[in-house]
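Visitor: Quick one: this structure, given as C-alpha cells, is what I'll be asking you about.
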Amino acid sequence: MREGVVVDELPDYVERVLEVAERIPAGRVMSYGDVAEYLGEGGPRQVGRAMALYGGGVPWWRVVRADGVLLAGSELRALEHYREEGTPLRERGGPAARDHVPRLDMRRARWDGG
DNA sequence: AGCTTGACCGACC
DNA sequence: TGGTCGGCCAAGC
C-alpha cells in the first residue's frame, strides 16, 4: 500500500482550524485572528490560508474578518447564510442603504469559543 | 537568499 | 466612518 503516496490527509494545522470552524454555533462568528488565538498557534493569515484552500467543507461563512466585512467574492452567498441563521448584521438605515452590502455586527456576533 | 503575495489585525489620523 | 501604515508569518517564485 505504499503507492498511496497521494495526499489524502490534510496538514495537521489545517485540520485543527477546520475543527474550530465546525464548532462555531449557527448565528455566531469568529475572526481569523480569534481562531488563531484560540488554537494558540499560527496567525490570522495562516488561518485565512487554511480556509481559502480547504474550508469548502465547513461553515466557512462563520470565520470572518475582524472588522465584519463580508468575504470578498462571496458576499451574497455569505449574506444568505447570515439572514437564515439570524447572525447580527449592521444594516445601513438611511436612504444610502441602496445597493449596499451590510457588515457583521461583530460586537454581538463574535463567539469566544465556549 | 531575497522579494512578493495573501479569505489578516490594530493603531492612528 | 473610512483610509493608511506597519507588523505579521507562511508559501511561492
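To be explicit about the labels: the chains of the C-alpha cells are called A, B, and onward in the order shown, and within each one the residues are counted from 1, while ligands get numbers from 1 in the order they are shown.
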Counting only C-alpha atoms (C1' of nucleotides), give me one row per residue of segment 17-82 of chain A with an atom at most 6 Å from an atom of chain B, showing the shortest contact pair and its distance in Å to one decimal, sorted by chain then residue number, as JSON lines.
Guide:
{"residue": "A:Pro44", "atom": "CA", "partner": "B:DC8", "partner_atom": "C1'", "distance": 5.1}
{"residue": "A:Arg45", "atom": "CA", "partner": "B:DC8", "partner_atom": "C1'", "distance": 5.2}
{"residue": "A:Gly48", "atom": "CA", "partner": "B:DA7", "partner_atom": "C1'", "distance": 5.1}
{"residue": "A:Ala52", "atom": "CA", "partner": "B:DA7", "partner_atom": "C1'", "distance": 5.5}
Visitor: Would you export the selected residues with C-alpha atoms as a PDB file, in the first residue's frame, please?
Guide:
ATOM      1  CA  PRO A  44      -4.716  35.247  11.130  1.00  0.00           C
ATOM      2  CA  ARG A  45      -3.050  34.838   7.788  1.00  0.00           C
ATOM      3  CA  GLY A  48      -7.008  32.567   6.226  1.00  0.00           C
ATOM      4  CA  ALA A  52      -9.119  29.540   1.464  1.00  0.00           C
TER       5      ALA A  52
END
Visitor: As number ranges by chain, could you give me every residue of chain C near chain A (at most 12 Å apart, counting only C-alpha atoms (C1' of nucleotides))?
Guide: C: 7-11
Visitor: Write out as a VMD selection string all residues of chain A that backbone DSSP assigns to strand (DSSP E).
Guide: chain A and resid 30 to 31 63 to 64 89 to 90 103 to 104
Visitor: Go through chain A residue by residue and, counting only C-alpha atoms (C1' of nucleotides), keep those with an atom at most 12 Å from chain B; for each kept residue give the shortest atom pair and its distance in Å to one decimal, ordered by chain and increasing number, as a Markdown table.
Guide:
| residue | atom | partner | partner_atom | distance |
| --- | --- | --- | --- | --- |
| A:Ser31 | CA | B:DC8 | C1' | 9.2 |
| A:Tyr32 | CA | B:DC8 | C1' | 7.1 |
| A:Gly33 | CA | B:DC8 | C1' | 7.2 |
| A:Asp34 | CA | B:DC9 | C1' | 10.5 |
| A:Val35 | CA | B:DC8 | C1' | 11.7 |
| A:Ala36 | CA | B:DC8 | C1' | 10.7 |
| A:Gly42 | CA | B:DC8 | C1' | 11.7 |
| A:Gly43 | CA | B:DC8 | C1' | 8.2 |
| A:Pro44 | CA | B:DC8 | C1' | 5.1 |
| A:Arg45 | CA | B:DC8 | C1' | 5.2 |
| A:Gln46 | CA | B:DC8 | C1' | 8.9 |
| A:Val47 | CA | B:DA7 | C1' | 8.7 |
| A:Gly48 | CA | B:DA7 | C1' | 5.1 |
| A:Arg49 | CA | B:DA7 | C1' | 6.9 |
| A:Ala50 | CA | B:DA7 | C1' | 8.9 |
| A:Met51 | CA | B:DA7 | C1' | 6.7 |
| A:Ala52 | CA | B:DA7 | C1' | 5.5 |
| A:Leu53 | CA | B:DA7 | C1' | 9.2 |
| A:Tyr54 | CA | B:DA7 | C1' | 11.1 |
| A:Gly55 | CA | B:DA7 | C1' | 9.7 |
| A:Gly56 | CA | B:DA7 | C1' | 11.6 |
| A:Trp60 | CA | B:DA7 | C1' | 9.4 |
| A:Trp61 | CA | B:DA7 | C1' | 10.1 |
| A:Arg62 | CA | B:DA7 | C1' | 11.7 |
| A:Val63 | CA | B:DA7 | C1' | 9.0 |
| A:Val64 | CA | B:DA7 | C1' | 7.9 |
| A:Arg65 | CA | B:DC8 | C1' | 7.2 |
| A:Ala66 | CA | B:DC9 | C1' | 7.4 |
| A:Asp67 | CA | B:DC9 | C1' | 9.0 |
| A:Val69 | CA | B:DA7 | C1' | 11.0 |
| A:Leu70 | CA | B:DA7 | C1' | 9.7 |
| A:Leu71 | CA | B:DA7 | C1' | 6.4 |
| A:Ala72 | CA | B:DA7 | C1' | 7.5 |
| A:Gly73 | CA | B:DA7 | C1' | 9.4 |
| A:Ser74 | CA | B:DA7 | C1' | 9.8 |
| A:Glu75 | CA | B:DA7 | C1' | 11.5 |
Visitor: The selected residues should be written to file as a CSV table (one decimal), in the first residue's frame (atoms: N, CA, C and O atoms).
Guide:
chain,number,residue,atom,x,y,z
A,31,SER,N,-13.4,35.6,14.2
A,31,SER,CA,-12.5,36.2,13.2
A,31,SER,C,-11.3,35.2,13.0
A,31,SER,O,-11.0,34.3,13.8
A,32,TYR,N,-10.6,35.5,11.9
A,32,TYR,CA,-9.4,34.6,11.6
A,32,TYR,C,-8.4,34.7,12.8
A,32,TYR,O,-7.8,33.7,13.2
A,33,GLY,N,-8.3,35.9,13.4
A,33,GLY,CA,-7.4,36.1,14.5
A,33,GLY,C,-7.9,35.4,15.7
A,33,GLY,O,-7.1,34.9,16.5
A,34,ASP,N,-9.2,35.4,15.9
A,34,ASP,CA,-9.8,34.7,17.0
A,34,ASP,C,-9.4,33.2,17.0
A,34,ASP,O,-9.0,32.6,18.0
A,35,VAL,N,-9.6,32.6,15.8
A,35,VAL,CA,-9.3,31.2,15.6
A,35,VAL,C,-7.8,30.9,15.9
A,35,VAL,O,-7.5,30.0,16.6
A,36,ALA,N,-6.9,31.8,15.4
A,36,ALA,CA,-5.5,31.6,15.6
A,36,ALA,C,-5.2,31.7,17.1
A,36,ALA,O,-4.4,30.8,17.6
A,42,GLY,N,0.1,29.8,15.0
A,42,GLY,CA,-0.2,30.4,13.7
A,42,GLY,C,-0.8,31.8,13.9
A,42,GLY,O,-0.8,32.3,15.0
A,43,GLY,N,-1.2,32.4,12.9
A,43,GLY,CA,-1.7,33.8,12.9
A,43,GLY,C,-2.9,33.9,12.0
A,43,GLY,O,-3.2,32.9,11.4
A,44,PRO,N,-3.5,35.0,12.0
A,44,PRO,CA,-4.7,35.2,11.1
A,44,PRO,C,-4.5,34.8,9.7
A,44,PRO,O,-5.3,34.3,9.0
A,45,ARG,N,-3.3,35.1,9.2
A,45,ARG,CA,-3.0,34.8,7.8
A,45,ARG,C,-3.0,33.4,7.5
A,45,ARG,O,-3.3,32.9,6.5
A,46,GLN,N,-2.5,32.6,8.5
A,46,GLN,CA,-2.4,31.1,8.3
A,46,GLN,C,-3.8,30.6,8.3
A,46,GLN,O,-4.1,29.7,7.6
A,47,VAL,N,-4.6,31.1,9.2
A,47,VAL,CA,-6.0,30.6,9.3
A,47,VAL,C,-6.7,30.9,8.0
A,47,VAL,O,-7.4,30.1,7.4
A,48,GLY,N,-6.4,32.1,7.5
A,48,GLY,CA,-7.0,32.6,6.2
A,48,GLY,C,-6.6,31.7,5.1
A,48,GLY,O,-7.4,31.3,4.3
A,49,ARG,N,-5.4,31.3,5.1
A,49,ARG,CA,-4.9,30.4,4.0
A,49,ARG,C,-5.6,29.0,4.1
A,49,ARG,O,-6.0,28.5,3.1
A,50,ALA,N,-5.6,28.5,5.3
A,50,ALA,CA,-6.2,27.2,5.5
A,50,ALA,C,-7.7,27.2,5.1
A,50,ALA,O,-8.1,26.3,4.4
A,51,MET,N,-8.4,28.3,5.4
A,51,MET,CA,-9.8,28.4,5.0
A,51,MET,C,-9.9,28.5,3.5
A,51,MET,O,-10.8,27.9,2.9
A,52,ALA,N,-9.1,29.3,2.9
A,52,ALA,CA,-9.1,29.5,1.5
A,52,ALA,C,-8.9,28.2,0.7
A,52,ALA,O,-9.6,28.0,-0.3
A,53,LEU,N,-8.0,27.4,1.2
A,53,LEU,CA,-7.6,26.2,0.4
A,53,LEU,C,-8.5,25.0,0.8
A,53,LEU,O,-8.8,24.3,-0.1
A,54,TYR,N,-8.9,24.9,2.0
A,54,TYR,CA,-9.6,23.7,2.4
A,54,TYR,C,-10.9,23.9,3.2
A,54,TYR,O,-11.5,23.0,3.7
A,55,GLY,N,-11.3,25.2,3.2
A,55,GLY,CA,-12.5,25.5,4.0
A,55,GLY,C,-13.9,25.1,3.4
A,55,GLY,O,-14.9,25.3,4.0
A,56,GLY,N,-13.8,24.6,2.2
A,56,GLY,CA,-15.0,24.4,1.5
A,56,GLY,C,-16.0,23.4,2.2
A,56,GLY,O,-17.2,23.5,1.9
A,60,TRP,N,-17.8,27.9,6.3
A,60,TRP,CA,-16.8,28.9,6.1
A,60,TRP,C,-17.2,30.3,6.4
A,60,TRP,O,-16.4,31.2,6.7
A,61,TRP,N,-18.5,30.6,6.3
A,61,TRP,CA,-19.0,31.9,6.5
A,61,TRP,C,-19.0,32.3,7.9
A,61,TRP,O,-19.2,33.5,8.3
A,62,ARG,N,-18.7,31.4,8.8
A,62,ARG,CA,-18.6,31.7,10.2
A,62,ARG,C,-17.2,32.1,10.7
A,62,ARG,O,-17.0,32.4,11.8
A,63,VAL,N,-16.3,32.1,9.7
A,63,VAL,CA,-14.9,32.6,10.0
A,63,VAL,C,-14.7,33.8,9.2
A,63,VAL,O,-14.7,33.7,7.9
A,64,VAL,N,-14.6,34.9,9.8
A,64,VAL,CA,-14.7,36.2,9.1
A,64,VAL,C,-13.6,37.2,9.5
A,64,VAL,O,-12.8,37.0,10.4
A,65,ARG,N,-13.5,38.3,8.8
A,65,ARG,CA,-12.6,39.3,9.1
A,65,ARG,C,-13.0,40.0,10.4
A,65,ARG,O,-14.2,40.2,10.6
A,66,ALA,N,-12.0,40.5,11.1
A,66,ALA,CA,-12.3,41.1,12.4
A,66,ALA,C,-13.1,42.4,12.3
A,66,ALA,O,-13.8,42.8,13.2
A,67,ASP,N,-13.1,43.1,11.2
A,67,ASP,CA,-13.9,44.3,11.0
A,67,ASP,C,-15.3,44.0,10.5
A,67,ASP,O,-16.1,45.0,10.3
A,69,VAL,N,-16.4,42.9,7.6
A,69,VAL,CA,-16.6,42.9,6.2
A,69,VAL,C,-16.8,41.5,5.7
A,69,VAL,O,-16.0,40.6,6.0
A,70,LEU,N,-17.8,41.3,4.8
A,70,LEU,CA,-18.1,40.0,4.3
A,70,LEU,C,-17.0,39.6,3.3
A,70,LEU,O,-16.4,40.4,2.7
A,71,LEU,N,-16.8,38.2,3.3
A,71,LEU,CA,-15.8,37.6,2.4
A,71,LEU,C,-15.9,38.1,1.0
A,71,LEU,O,-16.9,37.9,0.3
A,72,ALA,N,-14.9,38.8,0.5
A,72,ALA,CA,-14.8,39.3,-0.9
A,72,ALA,C,-15.0,38.2,-1.9
A,72,ALA,O,-14.4,37.2,-1.8
A,73,GLY,N,-16.0,38.4,-2.7
A,73,GLY,CA,-16.2,37.5,-3.8
A,73,GLY,C,-17.4,36.5,-3.4
A,73,GLY,O,-18.0,35.9,-4.3
A,74,SER,N,-17.7,36.4,-2.1
A,74,SER,CA,-18.8,35.5,-1.7
A,74,SER,C,-19.7,36.2,-0.8
A,74,SER,O,-20.4,35.6,0.0
A,75,GLU,N,-19.8,37.6,-0.9
A,75,GLU,CA,-20.7,38.4,-0.1
A,75,GLU,C,-22.1,37.9,-0.1
A,75,GLU,O,-22.7,37.7,1.0
Visitor: Tell me, in Å to one decimal, how far atom CA of Met106 of chain A is from atom CA of Thr87 of chain A.
Guide: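 For atom CA of Met106 of chain A relative to atom CA of Thr87 of chain A, the distance reads 9.7 Å.
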Visitor: Where does DSSP see helix (DSSP H, G or I) in chain A, if you list the residues as a count of residues only?
Guide: 55
Visitor: Between atom CA of Ala21 of chain A and atom CA of Gly113 of chain A, what is the distance in Å, rounded to a tenth?
Guide: 9.9 Å
